[in-house]
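The structure appears below as structure tokens.
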There are 2 protein chains.
Amino acid sequence: MSTRFFDSTAVAAQLRRSPLFSSLSDATLLDMLSHFRRETWKHGRCVTGSESEQCFHVILSGRMKVGRINPETGRMVTLFLLDQGDAFDVISLLDGKPSPVTLDAKDDLELLSTPVEEARRWIEHHPEFNYGFLPYLGRQMHLLADIAGDLALHDTETRLARLILRYVDTDNSHHSLRLIHDLSHEALGEMIGSVRVVVNRQLQHWQREGIIISHRGKLVVQELDALLKKAMHHSHNAAKKPFSGKSKNHY
Amino acid sequence: MSTRFFDSTAVAAQLRRSPLFSSLSDATLLDMLSHFRRETWKHGRCVTGSESEQCFHVILSGRMKVGRINPETGRMVTLFLLDQGDAFDVISLLDGKPSPVTLDAKDDLELLSTPVEEARRWIEHHPEFNYGFLPYLGRQMHLLADIAGDLALHDTETRLARLILRYVDTDNSHHSLRLIHDLSHEALGEMIGSVRVVVNRQLQHWQREGIIISHRGKLVVQELDALLKKAMHHSHNAAKKPFSGKSKNHY
DNA sequence: GATTTAGTGTAACCCAGGTAGCAGAATTTA
DNA sequence: TAAATTCTGCTACCTGGGTTACACTAAATC
């Protein structure tokens, strides 16, 4: 990690594109930047929660994987795959308690960072920050809830289909992937709470069905709507339960 | 659901005990209450996200289960078990997008409610609310991240042990359970992303080991530290992987 | 260009835990 | 108090997907 000076106005302009900061005035933004220092992380750098002092970070460029680890088995889950304009670790910023996160740089990264107390104080003095911050938190919570729901309710096939669909570039004519295009099967496995072998097995299976083309890390979606079907069609036998029976709805 | 007037000062005093509102001034609190209406829900009332208009709720008394459902299989997960002083649906309050939540009243409930736009506007005018709100969001996110992590990384035995430990009343001499004491095995299953049979199987197993006493919904923890061991000792065979190998940590 | 390292493709194995089903206790409704 | 409904306890069964292992390819590193 290296720390150095930086061109505040340039960085400010860069941050403007992120919804977190887009609504801030020039003055507020520059004031904020004066409290941050710049850092760079090399691709592959991996930090487990305990060993990092509590800092709030903003990503200027590169991707950061935020996840959890089971130290007994060595297995990991990815909770967030953050991109430029994203911030972490938001959770410990909010509640002060350190969370047992695992950070893993998926690229060379440029970051801004500041101690959480500093960030918290700054937010307190600049309530207009919340205009972008609260919706951002909402998106994060939404994502977490989705992950938890998926893990509990859907099988690996469904989860993988959903993962891919979440990142397909529908604008593009040949549906390529944003953000996760170059991830290994291992990394994809972590994103759906599973493992390498399962991801590979599933991709090969879909390939034989003609839904995708997958070879050596290249992944192209061939039949988008077929994949969409897989993303909902979890249970081998849908429409079994006629009615929940639980919904008495008495009041 | 019934709507009626209520004694603002009494309710204000009641809310004061919740960390969400404890730091608000009398004036702010009363102003807030003037925007809310009172509701009551009968135990068992169950609402799926789509059918409720977007409202922000605060619980005055009773428990509310917030979860997700897989309509194909009928299975459900519990994401939050909310108590008095808690608020929902926070997520759609923050990001405006409706989340596919399932609400299920586990008791007769007293609530305050107001349309999300109203709540959002009120928050914007009362930045001091964030003093309690942001830490509250932090706790919620923390919880969600824990659930997702547990689901992906731990087996059902571990998850159930953790659930119980999260709610044991350590003050009490005979370790009884807070909040979940009267839940059915079905409901416990939903809280760990599993099903009734598995919960029962596990409880009986622990009973034979002398760790708990469980019969017909009564559940008493006998050996607290044995349960603690189960809560970490997930993998049948711990300490297998000597070192992650992934942590190159070059920089 | 040779060696090491990281990722991919596949196959054999196996078990945690989910599905289905039933009987008896407890509680609610009629 | 009888009938209906909801819970619990238990069993038998089966499969999704995790573990392990190995050969092969591509890409770094020497």
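Convention: chains lettered A, B, ... in structure tokens order; per-chain residue numbering from 1; ligands numbered from 1 as shown.
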
Kindly determine which residues of chain B lie within 10 Å of chain D, considering only C-alpha atoms (C1' of nucleotides), and give the answer as number ranges by chain.
B: 184-186, 196-197, 200-201, 204, 215-217

What are the DSSP strand (DSSP E) residues of range 29-182 of chain A, as JSON, numbers by chain?
{"A": [37, 38, 39, 40, 41, 46, 47, 48, 55, 56, 57, 58, 59, 60, 61, 64, 65, 66, 67, 68, 69, 76, 77, 78, 79, 80, 81, 82, 87, 88, 102, 103, 104, 105, 109, 110, 111, 112, 113, 114, 115]}

Hey, could you make a per-residue contact list for chain C against chain B with 9 Å as the cut-off, showing the nearest pair of atoms and its distance in Å to one decimal, counting only C-alpha atoms (C1' of nucleotides), sorted by chain and number, as a tab-separated table?
residue	atom	partner	partner_atom	distance
C:DA16	C1'	B:Asp155	CA	8.2
C:DG17	C1'	B:Val198	CA	7.1
C:DG18	C1'	B:Val195	CA	7.9
C:DA25	C1'	B:Arg216	CA	8.7
C:DA26	C1'	B:Arg216	CA	8.8

Output file for the residues above (N, CA, C and O atoms (P, O5', C5', C4', C3', O3' and C1' of nucleotides), as a compact mmCIF listing (two decimals), in the first residue's frame):
# COMPACT_ATOMS: atom_id res chain seq x y z
P DA C 16 -22.66 -36.54 7.09
O5' DA C 16 -23.22 -35.05 7.11
C5' DA C 16 -22.60 -34.08 6.30
C4' DA C 16 -23.62 -33.15 5.68
C3' DA C 16 -24.71 -32.63 6.61
O3' DA C 16 -25.02 -31.31 6.18
C1' DA C 16 -25.72 -33.91 4.90
P DG C 17 -25.98 -30.40 7.03
O5' DG C 17 -27.36 -30.55 6.27
C5' DG C 17 -27.43 -30.26 4.88
C4' DG C 17 -28.74 -30.76 4.33
C3' DG C 17 -29.96 -30.51 5.22
O3' DG C 17 -31.06 -30.24 4.41
C1' DG C 17 -29.89 -32.71 4.67
P DG C 18 -31.78 -28.82 4.48
O5' DG C 18 -32.92 -28.99 3.37
C5' DG C 18 -32.56 -29.18 2.01
C4' DG C 18 -33.47 -30.21 1.37
C3' DG C 18 -34.95 -30.05 1.72
O3' DG C 18 -35.73 -30.01 0.52
C1' DG C 18 -34.25 -32.29 2.10
P DA C 25 -50.42 -39.83 22.55
O5' DA C 25 -50.14 -38.26 22.65
C5' DA C 25 -48.83 -37.83 22.98
C4' DA C 25 -48.77 -36.33 22.84
C3' DA C 25 -49.73 -35.57 23.76
O3' DA C 25 -49.01 -34.51 24.36
C1' DA C 25 -50.13 -34.96 21.50
P DA C 26 -49.63 -33.67 25.55
O5' DA C 26 -50.12 -32.36 24.80
C5' DA C 26 -49.16 -31.57 24.10
C4' DA C 26 -49.90 -30.52 23.29
C3' DA C 26 -50.92 -29.71 24.09
O3' DA C 26 -50.64 -28.34 23.88
C1' DA C 26 -51.86 -30.49 22.07

So what do you get for CA of Leu151 in chain A versus CA of Ala187 in chain A, distance-wise?
16.3 Å

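Our summary of the geometry notes that CA of Leu111 in chain A is positioned 14.8 Å from CA of Val47 in chain A.
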
Where in range 13-203 of chain A does DSSP assign helix (DSSP H, G or I), given as an MDAnalysis selection string?
chainID A and resid 13:16 26:33 49:51 90:95 116:125 127:153 156:167 185:191 196:203

Show me, as a PyMOL selection string, the residues that have an atom within 6 Å of range 222-226 of chain A when counting only C-alpha atoms (C1' of nucleotides), minus same-chain residues fewer than 2 positions from it.
chain A and resi 211-212+228-229

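You will find CA of Ile91 in chain A at 27.0 Å from CA of Thr28 in chain B.
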